[in-house]
file query_7.cif (mmCIF, C-alpha atoms)
data_input
loop_
_atom_site.label_atom_id
_atom_site.label_comp_id
_atom_site.auth_asym_id
_atom_site.auth_seq_id
_atom_site.Cartn_x
_atom_site.Cartn_y
_atom_site.Cartn_z
CA MET A 1 122.41 111.00 47.07
CA THR A 2 121.16 107.69 48.42
CA VAL A 3 122.67 104.42 49.60
CA LYS A 4 121.15 100.97 49.92
CA ASP A 5 120.52 99.19 53.21
CA ALA A 6 120.94 95.44 53.71
CA GLY A 7 117.48 94.86 52.22
CA GLY A 8 118.21 96.84 49.08
CA LYS A 9 116.04 99.81 50.10
CA GLN A 10 117.31 103.25 49.07
CA LYS A 11 118.24 105.35 52.11
CA PRO A 12 119.29 109.00 52.04
CA LYS A 13 122.61 110.26 53.32
CA LYS A 14 122.76 112.87 56.05
CA PRO A 15 121.96 116.35 54.70
CA TYR A 16 125.12 117.65 56.41
CA PRO A 17 127.87 115.99 58.47
CA GLU A 18 126.68 117.29 61.85
CA PHE A 19 123.14 116.00 61.32
CA PRO A 20 122.47 113.96 64.54
CA PHE A 21 120.32 111.21 62.99
CA TYR A 22 120.72 108.20 60.74
CA ALA A 23 118.29 106.97 58.13
CA HIS A 24 116.34 104.06 59.55
CA ARG A 25 114.93 101.45 57.19
CA ASN A 26 111.35 102.31 58.26
CA GLY A 27 111.58 105.65 56.44
CA GLN A 28 112.37 107.87 59.42
CA TRP A 29 115.33 109.71 60.82
CA ALA A 30 116.40 107.93 64.03
CA ARG A 31 118.82 108.27 66.89
CA LYS A 32 119.65 106.19 69.94
CA VAL A 33 119.21 108.03 73.21
CA LYS A 34 119.90 106.30 76.55
CA GLY A 35 120.12 102.94 74.77
CA LYS A 36 116.76 103.20 73.02
CA THR A 37 116.03 104.09 69.39
CA HIS A 38 113.77 107.12 68.87
CA PHE A 39 112.28 108.36 65.59
CA PHE A 40 111.94 112.06 64.80
CA GLY A 41 110.55 112.45 61.29
CA THR A 42 110.46 111.15 57.73
CA TRP A 43 113.41 111.09 55.32
CA ASP A 44 111.88 113.75 53.08
CA ASP A 45 111.82 116.43 55.80
CA PRO A 46 115.06 116.46 57.84
CA ASP A 47 114.35 120.00 59.10
CA ALA A 48 111.06 118.83 60.71
CA ALA A 49 112.92 115.90 62.26
CA MET A 50 115.38 118.33 63.79
CA GLN A 51 112.55 120.45 65.17
CA ASN A 52 110.85 117.37 66.69
CA TYR A 53 114.16 116.38 68.24
CA GLU A 54 114.60 119.77 69.90
CA VAL A 55 111.07 119.56 71.31
CA GLU A 56 111.36 116.01 72.62
CA ILE A 57 114.97 115.55 73.71
CA HIS A 58 114.37 117.18 77.10
CA ASP A 59 111.64 114.67 77.96
CA ILE A 60 113.74 111.78 76.68
CA HIS A 61 116.69 112.65 78.91
CA ARG A 62 114.33 112.93 81.88
CA GLY A 63 113.17 109.36 81.30
CA ARG A 64 109.86 110.29 79.70
CA ILE A 65 108.73 108.39 76.64
CA PRO A 66 108.01 110.87 73.82
CA ARG A 67 104.44 110.90 72.62
CA ARG A 68 105.04 109.62 69.13
CA ARG A 69 102.67 107.25 67.42
CA ARG A 70 103.64 106.94 63.76
CA ALA A 71 105.84 108.49 61.12
CA GLY A 72 104.99 112.07 60.38
CA GLY A 73 104.89 113.81 63.74
CA VAL A 74 104.17 113.79 67.46
CA ALA A 75 100.99 112.13 68.66
CA THR A 76 98.42 114.53 70.11
CA PRO A 77 96.20 113.54 73.06
CA ASP A 78 93.55 112.60 70.51
CA GLN A 79 95.99 110.30 68.71
CA LEU A 80 97.74 108.52 71.59
CA THR A 81 97.39 104.77 71.12
CA VAL A 82 96.33 102.32 73.79
CA ALA A 83 99.76 100.67 73.65
CA ASP A 84 101.61 103.98 74.12
CA MET A 85 99.31 104.97 76.98
CA VAL A 86 99.85 101.67 78.79
CA ASN A 87 103.63 101.83 78.27
CA LEU A 88 103.77 105.35 79.68
CA TYR A 89 101.68 104.32 82.67
CA LEU A 90 103.84 101.27 83.38
CA ALA A 91 106.96 103.41 83.10
CA SER A 92 105.61 105.72 85.81
CA GLN A 93 104.67 102.75 88.00
CA GLU A 94 108.11 101.25 87.57
CA VAL A 95 109.65 104.45 88.91
CA LYS A 96 107.37 104.18 91.96
CA LYS A 97 108.35 100.55 92.41
CA ASN A 98 112.07 101.36 92.26
CA ARG A 99 111.57 104.08 94.87
CA GLY A 100 109.66 101.74 97.17
CA LYS A 101 106.35 103.59 96.85
CA ILE A 102 104.52 100.52 95.52
CA SER A 103 105.24 96.84 96.02
CA LEU A 104 106.65 94.48 93.43
CA ARG A 105 103.38 92.58 93.59
CA HIS A 106 101.33 95.69 92.82
CA PHE A 107 103.56 96.52 89.86
CA SER A 108 103.10 92.97 88.59
CA ASP A 109 99.31 93.36 88.82
CA CYS A 110 99.53 96.65 86.89
CA LEU A 111 101.64 94.93 84.24
CA THR A 112 99.10 92.11 83.91
CA THR A 113 96.22 94.59 83.64
CA GLY A 114 98.08 96.66 81.05
CA THR A 115 98.78 93.58 78.95
CA PHE A 116 95.11 92.61 79.13
CA ILE A 117 94.05 96.12 78.04
CA VAL A 118 96.35 96.14 75.00
CA LYS A 119 95.41 92.60 74.00
CA HIS A 120 91.69 93.35 74.09
CA PHE A 121 91.52 96.83 72.56
CA GLY A 122 94.48 96.50 70.19
CA ARG A 123 97.79 98.33 70.08
CA SER A 124 96.97 100.99 67.47
CA VAL A 125 93.53 102.09 68.70
CA ALA A 126 93.42 105.69 69.92
CA ALA A 127 92.85 105.62 73.69
CA SER A 128 90.63 108.70 73.57
CA GLN A 129 88.25 107.06 71.08
CA LEU A 130 87.12 104.23 73.39
CA LYS A 131 83.42 104.36 74.25
CA ALA A 132 81.19 102.90 76.96
CA THR A 133 80.32 99.94 74.71
CA ASP A 134 84.05 99.16 74.34
CA PHE A 135 84.50 98.99 78.10
CA ALA A 136 81.36 96.87 78.49
CA SER A 137 82.84 94.42 75.99
CA PHE A 138 86.12 94.50 77.90
CA GLY A 139 84.34 93.61 81.15
CA ASN A 140 82.47 90.77 79.45
CA ALA A 141 85.81 89.35 78.35
CA PHE A 142 86.85 88.63 81.94
CA PRO A 143 87.13 84.86 82.59
CA GLU A 144 84.06 83.27 84.16
CA SER A 145 86.26 81.79 86.87
CA TRP A 146 86.93 85.25 88.32
CA GLY A 147 85.07 86.10 91.49
CA PRO A 148 83.61 89.53 92.35
CA THR A 149 86.71 90.59 94.29
CA LYS A 150 89.10 89.90 91.40
CA ILE A 151 86.71 91.52 88.90
CA GLY A 152 86.44 94.60 91.09
CA MET A 153 90.22 94.90 91.40
CA GLU A 154 90.72 94.51 87.63
CA ILE A 155 88.13 97.18 86.87
CA GLN A 156 89.70 99.52 89.42
CA ARG A 157 93.19 99.09 87.97
CA THR A 158 91.87 99.66 84.43
CA ARG A 159 90.17 102.87 85.50
CA CYS A 160 93.41 103.98 87.17
CA VAL A 161 95.32 103.61 83.89
CA PHE A 162 92.94 105.94 82.02
CA LYS A 163 92.65 108.38 84.93
CA TRP A 164 96.42 108.61 85.16
CA ALA A 165 96.59 109.29 81.40
CA ALA A 166 93.98 112.05 81.68
CA ASP A 167 95.65 113.62 84.73
CA SER A 168 98.97 113.54 82.84
CA GLU A 169 97.32 115.30 79.87
CA LEU A 170 98.07 112.34 77.60
CA ILE A 171 94.39 112.02 76.66
CA PRO A 172 91.81 114.84 76.65
CA SER A 173 89.73 113.47 79.54
CA ILE A 174 88.76 110.37 81.45
CA PRO A 175 86.64 108.26 79.08
CA ASN A 176 83.00 107.44 79.74
CA PHE A 177 83.23 103.92 81.17
CA GLY A 178 79.48 103.53 80.97
CA PRO A 179 77.01 101.86 83.33
CA ASP A 180 78.23 98.31 82.75
CA PHE A 181 81.92 98.73 83.58
CA LYS A 182 81.69 99.14 87.34
CA LYS A 183 82.92 97.18 90.31
CA PRO A 184 80.40 94.70 91.74
CA THR A 185 78.21 96.42 94.29
CA LYS A 186 78.14 95.50 97.97
CA SER A 187 74.73 93.88 97.49
CA GLU A 188 76.08 91.77 94.61
CA ASN A 189 79.00 90.69 96.79
CA ARG A 190 76.60 89.79 99.61
CA VAL A 191 74.45 87.69 97.28
CA ILE A 192 77.47 85.79 95.98
CA LYS A 193 78.80 85.32 99.51
CA ALA A 194 75.40 84.01 100.66
CA GLN A 195 75.28 81.56 97.76
CA ARG A 196 78.76 80.33 98.54
CA CYS A 197 77.95 79.93 102.24
CA ALA A 198 74.79 78.01 101.33
CA GLU A 199 76.86 75.62 99.22
CA GLN A 200 80.00 75.32 101.34
CA GLY A 201 79.18 76.83 104.72
CA SER A 202 81.02 79.73 106.32
CA LEU A 203 84.72 80.17 105.55
CA ASP A 204 85.92 79.99 109.15
CA PHE A 205 86.96 76.93 111.14
CA LYS A 206 85.43 75.32 114.20
CA PRO A 207 87.76 74.74 117.19
CA ASP A 208 87.66 70.95 116.79
CA GLU A 209 88.63 71.30 113.11
CA ILE A 210 91.67 73.41 113.97
CA ARG A 211 92.67 71.00 116.73
CA THR A 212 92.44 68.12 114.24
CA LEU A 213 94.63 69.95 111.74
CA TRP A 214 97.08 70.87 114.49
CA SER A 215 97.34 67.30 115.81
CA ARG A 216 97.93 65.90 112.30
CA SER A 217 100.60 68.43 111.34
CA THR A 218 104.29 68.61 112.21
CA GLY A 219 107.26 70.90 111.77
CA TRP A 220 106.83 74.25 110.06
CA LEU A 221 103.22 73.56 109.05
CA ARG A 222 102.16 73.12 112.69
CA ALA A 223 103.83 76.45 113.52
CA CYS A 224 102.01 78.10 110.62
CA ILE A 225 98.63 76.81 111.80
CA LEU A 226 99.17 78.26 115.26
CA LEU A 227 100.41 81.55 113.81
CA GLY A 228 97.28 81.74 111.68
CA ILE A 229 94.80 81.29 114.51
CA ASN A 230 96.88 83.02 117.20
CA THR A 231 97.95 86.13 115.27
CA GLY A 232 95.91 86.22 112.06
CA PHE A 233 99.02 85.53 109.97
CA GLY A 234 98.54 84.92 106.26
CA ASN A 235 100.63 82.72 103.98
CA ALA A 236 103.14 85.46 103.12
CA ASP A 237 103.45 86.52 106.79
CA CYS A 238 104.59 83.01 107.69
CA GLY A 239 107.12 82.96 104.87
CA ARG A 240 108.60 86.31 105.91
CA LEU A 241 108.83 85.68 109.65
CA HIS A 242 112.36 86.23 110.96
CA ALA A 243 113.67 85.05 114.29
CA HIS A 244 114.12 88.61 115.59
CA HIS A 245 110.50 89.59 114.89
CA ILE A 246 109.19 87.82 117.99
CA ASP A 247 110.60 88.28 121.48
CA SER A 248 110.96 84.63 122.44
CA LYS A 249 110.76 85.44 126.16
CA SER A 250 107.96 87.98 126.38
CA GLY A 251 106.08 86.77 123.31
CA TRP A 252 105.54 90.16 121.67
CA TYR A 253 105.55 90.85 117.95
CA ASP A 254 105.78 94.52 116.98
CA LEU A 255 106.22 95.20 113.28
CA ALA A 256 104.26 97.08 110.62
CA ARG A 257 102.32 94.89 108.22
CA ALA A 258 104.41 94.40 105.07
CA LYS A 259 101.39 94.66 102.77
CA THR A 260 100.15 98.04 104.00
CA GLY A 261 102.75 99.49 106.37
CA ILE A 262 100.09 99.73 109.10
CA PRO A 263 101.45 99.18 112.66
CA ARG A 264 100.84 95.69 114.00
CA ARG A 265 101.45 94.35 117.48
CA PHE A 266 100.21 91.21 119.17
CA TYR A 267 100.94 88.62 121.84
CA VAL A 268 102.18 85.21 120.72
CA TRP A 269 101.03 82.22 122.76
CA GLU A 270 103.62 80.03 124.46
CA GLU A 271 102.31 77.10 122.37
CA THR A 272 103.01 79.05 119.19
CA ARG A 273 106.50 80.04 120.29
CA ASN A 274 107.29 76.42 121.15
CA ALA A 275 106.09 75.27 117.73
CA ILE A 276 108.34 77.86 116.05
CA ARG A 277 111.32 76.74 118.15
CA GLU A 278 110.72 73.10 117.21
CA ALA A 279 110.45 73.98 113.54
CA MET A 280 113.69 75.94 113.69
CA LYS A 281 115.50 73.05 115.38
CA SER A 282 114.65 70.64 112.56
CA ARG A 283 114.94 73.01 109.62
CA PRO A 284 117.65 72.39 106.98
CA VAL A 285 120.38 74.77 105.93
CA ALA A 286 118.94 77.65 103.89
CA THR A 287 119.55 77.36 100.14
CA HIS A 288 120.28 81.09 99.99
CA ASP A 289 122.16 83.01 102.67
CA SER A 290 119.51 85.74 102.63
CA ASP A 291 116.97 83.22 103.97
CA ASP A 292 119.13 82.02 106.84
CA SER A 293 117.36 84.16 109.46
CA LEU A 294 113.86 82.99 108.47
CA CYS A 295 112.06 80.96 111.11
CA LEU A 296 110.36 78.54 108.74
CA LEU A 297 112.00 76.71 105.84
CA THR A 298 110.88 73.74 103.76
CA SER A 299 112.85 70.49 103.56
CA HIS A 300 114.59 71.96 100.50
CA GLY A 301 115.85 74.95 102.46
CA ARG A 302 113.52 77.44 100.79
CA PRO A 303 111.02 79.81 102.46
CA VAL A 304 107.56 78.38 103.03
CA PHE A 305 106.28 81.28 100.93
CA TRP A 306 108.29 83.34 98.45
CA GLU A 307 107.83 85.40 95.32
CA TYR A 308 109.95 85.67 92.18
CA THR A 309 109.92 87.81 89.05
CA ARG A 310 109.48 86.20 85.65
CA ASP A 311 111.26 87.39 82.51
CA ALA A 312 108.09 89.21 81.41
CA GLY A 313 108.19 91.28 84.62
CA THR A 314 105.22 89.64 86.32
CA VAL A 315 105.53 88.22 89.82
CA SER A 316 104.72 84.62 90.66
CA ARG A 317 104.61 83.00 94.05
CA CYS A 318 105.69 79.69 95.49
CA ASP A 319 103.12 79.10 98.23
CA ASN A 320 104.15 75.97 100.12
CA VAL A 321 101.94 77.01 103.05
CA GLY A 322 98.79 76.97 100.91
CA LYS A 323 99.72 73.74 99.12
CA GLU A 324 100.52 71.72 102.24
CA PHE A 325 97.61 73.13 104.21
CA THR A 326 95.16 72.22 101.43
CA LYS A 327 96.52 68.66 101.40
CA LEU A 328 96.10 68.48 105.18
CA VAL A 329 92.50 69.73 105.07
CA LYS A 330 91.63 67.19 102.41
CA ALA A 331 93.30 64.33 104.28
CA ALA A 332 91.49 65.29 107.51
CA LYS A 333 88.18 65.48 105.59
CA ILE A 334 87.49 69.00 106.85
CA ARG A 335 84.76 71.00 105.12
CA ARG A 336 85.88 72.02 101.63
CA GLY A 337 86.49 75.56 100.41
CA ARG A 338 88.76 76.58 103.27
CA GLY A 339 92.35 77.52 102.67
CA PHE A 340 95.03 78.74 105.04
CA TYR A 341 93.62 82.27 104.99
CA SER A 342 90.49 80.92 106.68
CA LEU A 343 92.53 80.78 109.88
CA ARG A 344 92.87 84.57 109.61
CA ARG A 345 89.12 84.82 109.04
CA THR A 346 88.55 82.66 112.09
CA PHE A 347 90.80 84.82 114.27
CA GLU A 348 88.91 87.94 113.17
CA THR A 349 85.56 86.26 113.89
CA VAL A 350 86.44 84.80 117.28
CA GLY A 351 88.57 87.75 118.36
CA GLY A 352 85.66 90.09 117.64
CA ASN A 353 83.63 88.25 120.28
CA SER A 354 86.09 89.53 122.88
CA GLN A 355 84.20 92.85 122.64
CA ASP A 356 87.39 94.75 121.74
CA GLN A 357 87.35 95.24 117.98
CA ILE A 358 89.97 97.99 118.16
CA ALA A 359 92.46 95.55 119.67
CA VAL A 360 91.53 92.92 117.05
CA ASN A 361 92.16 95.44 114.25
CA TYR A 362 95.55 96.23 115.77
CA VAL A 363 96.48 92.55 115.75
CA MET A 364 95.23 92.08 112.19
CA GLY A 365 97.02 95.18 110.91
CA HIS A 366 93.80 96.70 109.59
CA GLY A 367 93.63 100.39 108.76
CA ASP A 368 91.34 102.71 110.68
CA GLU A 369 90.30 105.92 108.94
CA SER A 370 88.13 107.19 111.78
CA MET A 371 88.85 110.41 113.65
CA ALA A 372 89.30 108.37 116.82
CA ALA A 373 92.27 106.63 115.20
CA VAL A 374 93.84 110.01 114.47
CA TYR A 375 93.74 110.92 118.16
CA ARG A 376 94.50 107.45 119.54
CA GLN A 377 98.19 107.33 120.51
CA GLY A 378 98.45 103.63 121.21
CA ILE A 379 96.74 100.69 122.82
CA ASP A 380 97.33 99.04 126.17
CA ASP A 381 99.15 95.71 125.96
CA GLN A 382 96.65 94.08 128.29
CA ARG A 383 93.92 94.54 125.69
CA LEU A 384 96.01 92.67 123.14
CA ILE A 385 96.72 89.92 125.67
CA ASP A 386 93.01 89.64 126.44
CA VAL A 387 92.19 89.14 122.76
CA ALA A 388 94.89 86.50 122.39
CA GLU A 389 93.70 84.70 125.53
CA HIS A 390 90.07 84.83 124.38
CA VAL A 391 90.97 83.02 121.15
CA ARG A 392 93.23 80.62 123.03
CA GLN A 393 90.44 79.64 125.41
CA TRP A 394 88.04 79.19 122.48
CA LEU A 395 90.49 76.88 120.72
CA TRP A 396 91.62 74.67 123.60
CA MET A 397 88.46 74.49 125.70
CA ARG A 398 87.34 70.83 125.57
CA THR A 399 83.90 69.43 126.36
CA CYS A 400 83.62 65.92 127.79
CA GLY A 401 81.46 63.66 125.65
CA ARG A 402 80.15 61.83 128.74
CA CYS A 403 79.38 64.49 131.34
CA LYS A 404 79.63 67.66 129.18
CA HIS A 405 82.19 69.15 131.55
CA ALA A 406 84.27 71.91 129.91
CA GLN A 407 87.96 72.31 130.68
CA PHE A 408 91.09 73.82 129.11
CA SER A 409 93.62 71.37 127.67
CA VAL A 410 96.26 71.66 124.99
CA ALA A 411 97.22 67.98 124.99
CA ASP A 412 96.14 65.71 122.15
CA ASP A 413 94.86 63.16 124.65
CA TRP A 414 93.13 64.53 127.74
CA LYS A 415 91.20 63.27 130.74
CA CYS A 416 87.99 64.85 131.99
CA GLU A 417 88.56 66.35 135.44
CA ALA A 418 84.91 65.77 136.38
CA CYS A 419 84.22 62.15 135.45
CA GLY A 420 87.69 60.84 134.62
CA LYS A 421 86.89 59.77 131.05
CA ASP A 422 89.90 59.61 128.70
CA HIS A 423 89.48 61.41 125.40
CA ALA A 424 91.60 60.51 122.38
CA ALA A 425 92.94 63.05 119.92
CA SER A 426 90.77 61.62 117.13
CA GLU A 427 87.52 62.41 118.94
#
call {"tool": "encode", "arguments": {"input": "query_7.cif", "output": "structure tokens"}}
result
Amino acid sequence: MTVKDAGGKQKPKKPYPEFPFYAHRNGQWARKVKGKTHFFGTWDDPDAAMQNYEVEIHDIHRGRIPRRRRAGGVATPDQLTVADMVNLYLASQEVKKNRGKISLRHFSDCLTTGTFIVKHFGRSVAASQLKATDFASFGNAFPESWGPTKIGMEIQRTRCVFKWAADSELIPSIPNFGPDFKKPTKSENRVIKAQRCAEQGSLDFKPDEIRTLWSRSTGWLRACILLGINTGFGNADCGRLHAHHIDSKSGWYDLARAKTGIPRRFYVWEETRNAIREAMKSRPVATHDSDDSLCLLTSHGRPVFWEYTRDAGTVSRCDNVGKEFTKLVKAAKIRRGRGFYSLRRTFETVGGNSQDQIAVNYVMGHGDESMAAVYRQGIDDQRLIDVAEHVRQWLWMRTCGRCKHAQFSVADDWKCEACGKDHAASE
């Protein structure tokens, strides 16, 4: 016997009262499990639907998405669609995100990559049928505005999706990506970097440029500039800095880098600590209580850098540090092509000249995979102080325009100790 659904389509009744499924309008027997509708077989074969259910229900209750592609049975590794593969991969990444194994930002990048994969290849294409030419076409579809670093990261994430699927036995094997779907080589990166340097110059700052930016800035932006050149802080580091992270008396910061979890310790100049104190004195009340302990807030009471999740699951950022710093660089007519992260590049460059790269890496929070790092049990604080002082001397050492005498001075306006000439901050 049959009944009609709302659209007038004939639907069968259950073959017996205890039958656990209902007749879905798409022609399959369906059941909701954990709030999601699952399909187990066509109307004309309720016994097969019951068998599919018994095979799949264990995976469903364990949070695994059953490998079904279309009406008529369970998808085999040869049949698994690109859309199903991506959804399964993202489900596994979401579990890692919820357990704190990967960051929200990384999950967002995986989500963006997965969306790009499905959009390009199509939802119903079998993942195992993709060939080298398909991946070459996929790589050619990348926007021309992408640089080699972004292209390399996108290719790596795409490869990870298919490798995960192969390792999980969802597809027979890792596909042949071909010779054209590879990350840019080191030589290609060097050529592009050389071209960029030829057009815009190096991406670091000169000491007089940083002093100009410092003298023209106020409040939280001045503190950020000093944090960038003193400690190698990036935009997000400034936005996440809490008052208890830095010992205001001794000047030490000792906290693992949020991005990688690698230990990070450095000495904060007195000038930097003073700038942070001044910024905290003039900051407004935090818009959200959770931000009340942050050192640096905008005039609207929000962090100078923060991230938020969109409805689609992707993560966007509100980077006030980058925006205001770019405006400042433009107003000061500093060489173009340098954002706030160039202060971190400058610290790495100048700090390396201190002849203690190990200490510089410790300040930057860079990983060290060498055997020496395995045996090294720490680093003497004096080495970290020496690096900080080396950069400090580089930044604040002034040269008299009249007699070429060099002396240390933090003041905007300074007088040469040798010839007595007054130097204005604009010089």
call {"tool": "resolve_selection", "arguments": {"input": "query_7.cif", "expression": "the PyMOL selection byres ((chain A and resi 182) around 12)", "output": "VMD selection string"}}
result
chain A and resid 132 135 to 136 138 to 140 148 151 to 159 176 to 181 183 to 186 188
call {"tool": "residues_around", "arguments": {"input": "query_7.cif", "residues": "Leu226 in chain A", "least_positions_apart": "2", "cutoff": "10 Å", "atoms": "only C-alpha atoms", "output": "VMD selection string"}}
result
chain A and resid 210 to 211 214 221 to 224 228 to 233 268 to 269 271 to 273 275 to 276 343
call {"tool": "atom_distance", "arguments": {"input": "query_7.cif", "atom1": "CA of Val118 in chain A", "atom2": "CA of Gln28 in chain A"}}
result
25.2 Å
call {"tool": "atom_distance", "arguments": {"input": "query_7.cif", "atom1": "CA of Asp47 in chain A", "atom2": "CA of Gln79 in chain A"}}
result
22.9 Å
call {"tool": "closest_residue", "arguments": {"input": "query_7.cif", "among": "A:Val329, A:Ala372, A:Val82, A:Leu227", "to": "Leu296 in chain A", "atoms": "all atoms listed in the file"}}
result
A:Leu227
call {"tool": "atom_distance", "arguments": {"input": "query_7.cif", "atom1": "CA of Met85 in chain A", "atom2": "CA of Lys32 in chain A"}}
result
21.6 Å
call {"tool": "resolve_selection", "arguments": {"input": "query_7.cif", "expression": "the PyMOL selection byres ((chain A and resi 18-27) around 9)", "output": "PyMOL selection string"}}
result
chain A and resi 5+7+9-17+28-32+39-44+46+49-50+71
call {"tool": "resolve_selection", "arguments": {"input": "query_7.cif", "expression": "the PyMOL selection byres ((chain A and resi 317-319) around 7)", "output": "mmCIF file with C-alpha atoms, in the coordinates of the input"}}
result
data_model
loop_
_atom_site.group_PDB
_atom_site.id
_atom_site.type_symbol
_atom_site.label_atom_id
_atom_site.label_comp_id
_atom_site.auth_asym_id
_atom_site.auth_seq_id
_atom_site.Cartn_x
_atom_site.Cartn_y
_atom_site.Cartn_z
ATOM 1 C CA VAL A 304 107.560 78.380 103.030
ATOM 2 C CA PHE A 305 106.280 81.280 100.930
ATOM 3 C CA TRP A 306 108.290 83.340 98.450
ATOM 4 C CA GLU A 307 107.830 85.400 95.320
ATOM 5 C CA TYR A 308 109.950 85.670 92.180
ATOM 6 C CA VAL A 315 105.530 88.220 89.820
ATOM 7 C CA SER A 316 104.720 84.620 90.660
ATOM 8 C CA ASN A 320 104.150 75.970 100.120
ATOM 9 C CA VAL A 321 101.940 77.010 103.050
ATOM 10 C CA GLY A 322 98.790 76.970 100.910
ATOM 11 C CA LYS A 323 99.720 73.740 99.120
#
call {"tool": "axis_aligned_box", "arguments": {"input": "query_7.cif", "around": "range 42-53 of chain A", "padding_each_side": "3 Å", "output": "JSON"}}
result
{"center_x": 112.9, "center_y": 115.8, "center_z": 60.7, "size_x": 10.9, "size_y": 15.4, "size_z": 21.2}
call {"tool": "residues_around", "arguments": {"input": "query_7.cif", "residues": "range 378-389 of chain A", "least_positions_apart": "6", "cutoff": "7 Å", "atoms": "all atoms listed in the file", "output": "PyMOL selection string"}}
result
chain A and resi 230+266-267+351+354+359-360
call {"tool": "write_last_selection", "arguments": {"input": "query_7.cif", "atoms": "C-alpha atoms", "output": "compact mmCIF listing (two decimals), in the frame of the given file"}}
result
# COMPACT_ATOMS: atom_id res chain seq x y z
CA ASN A 230 96.88 83.02 117.20
CA PHE A 266 100.21 91.21 119.17
CA TYR A 267 100.94 88.62 121.84
CA GLY A 351 88.57 87.75 118.36
CA SER A 354 86.09 89.53 122.88
CA ALA A 359 92.46 95.55 119.67
CA VAL A 360 91.53 92.92 117.05
call {"tool": "closest_residue", "arguments": {"input": "query_7.cif", "among": "A:Lys249, A:Arg216, A:His120, A:Arg99", "to": "Lys327 in chain A", "atoms": "all atoms listed in the file"}}
result
A:Arg216
call {"tool": "residues_around", "arguments": {"input": "query_7.cif", "residues": "Arg123 in chain A", "least_positions_apart": "4", "cutoff": "10 Å", "atoms": "only C-alpha atoms", "output": "NGL selection string"}}
result
:A and (81-86 or 117-119 or 127)
call {"tool": "closest_residue", "arguments": {"input": "query_7.cif", "among": "A:Cys160, A:His61, A:Gly261, A:Cys295", "to": "Ile102 in chain A", "atoms": "all atoms listed in the file"}}
result
A:Gly261
call {"tool": "residues_around", "arguments": {"input": "query_7.cif", "residues": "His366 in chain A", "least_positions_apart": "6", "cutoff": "10 Å", "atoms": "all atoms listed in the file", "output": "PyMOL selection string"}}
result
chain A and resi 257+260-264+358+360
call {"tool": "residues_near_point", "arguments": {"input": "query_7.cif", "point": "(91.9, 107.9, 78.0)", "cutoff": "10 Å", "atoms": "only C-alpha atoms", "output": "PyMOL selection string"}}
result
chain A and resi 77-78+80-82+85+126-131+159+161-167+169-176
call {"tool": "closest_residue", "arguments": {"input": "query_7.cif", "among": "A:Ile334, A:Gly401, A:Ala256, A:Ala424", "to": "Gly367 in chain A", "atoms": "all atoms listed in the file"}}
result
A:Ala256
call {"tool": "build_atoms", "arguments": {"input": "query_7.cif", "residues": "range 392-403 of chain A", "atoms": "N, CA and C atoms", "output": "PDB file, in the coordinates of the input"}}
result
ATOM      1  N   ARG A 392      92.568  81.816 122.500  1.00  0.00           N
ATOM      2  CA  ARG A 392      93.230  80.620 123.030  1.00  0.00           C
ATOM      3  C   ARG A 392      92.249  79.756 123.814  1.00  0.00           C
ATOM      4  N   GLN A 393      91.444  80.384 124.648  1.00  0.00           N
ATOM      5  CA  GLN A 393      90.440  79.640 125.410  1.00  0.00           C
ATOM      6  C   GLN A 393      89.412  79.000 124.476  1.00  0.00           C
ATOM      7  N   TRP A 394      89.014  79.722 123.453  1.00  0.00           N
ATOM      8  CA  TRP A 394      88.040  79.190 122.480  1.00  0.00           C
ATOM      9  C   TRP A 394      88.592  77.954 121.786  1.00  0.00           C
ATOM     10  N   LEU A 395      89.889  77.972 121.463  1.00  0.00           N
ATOM     11  CA  LEU A 395      90.490  76.880 120.720  1.00  0.00           C
ATOM     12  C   LEU A 395      90.706  75.635 121.582  1.00  0.00           C
ATOM     13  N   TRP A 396      91.198  75.821 122.813  1.00  0.00           N
ATOM     14  CA  TRP A 396      91.620  74.670 123.600  1.00  0.00           C
ATOM     15  C   TRP A 396      90.627  74.282 124.698  1.00  0.00           C
ATOM     16  N   MET A 397      89.457  74.905 124.730  1.00  0.00           N
ATOM     17  CA  MET A 397      88.460  74.490 125.700  1.00  0.00           C
ATOM     18  C   MET A 397      87.772  73.221 125.214  1.00  0.00           C
ATOM     19  N   ARG A 398      87.894  72.134 125.967  1.00  0.00           N
ATOM     20  CA  ARG A 398      87.340  70.830 125.570  1.00  0.00           C
ATOM     21  C   ARG A 398      86.052  70.542 126.350  1.00  0.00           C
ATOM     22  N   THR A 399      85.152  69.835 125.718  1.00  0.00           N
ATOM     23  CA  THR A 399      83.900  69.430 126.360  1.00  0.00           C
ATOM     24  C   THR A 399      83.841  67.904 126.422  1.00  0.00           C
ATOM     25  N   CYS A 400      83.659  67.369 127.599  1.00  0.00           N
ATOM     26  CA  CYS A 400      83.620  65.920 127.790  1.00  0.00           C
ATOM     27  C   CYS A 400      82.377  65.343 127.114  1.00  0.00           C
ATOM     28  N   GLY A 401      82.585  64.297 126.335  1.00  0.00           N
ATOM     29  CA  GLY A 401      81.460  63.660 125.650  1.00  0.00           C
ATOM     30  C   GLY A 401      80.545  62.898 126.579  1.00  0.00           C
ATOM     31  N   ARG A 402      80.981  62.599 127.804  1.00  0.00           N
ATOM     32  CA  ARG A 402      80.150  61.830 128.740  1.00  0.00           C
ATOM     33  C   ARG A 402      79.358  62.754 129.661  1.00  0.00           C
ATOM     34  N   CYS A 403      80.061  63.664 130.337  1.00  0.00           N
ATOM     35  CA  CYS A 403      79.380  64.490 131.340  1.00  0.00           C
ATOM     36  C   CYS A 403      79.240  65.954 130.919  1.00  0.00           C
TER      37      CYS A 403
END
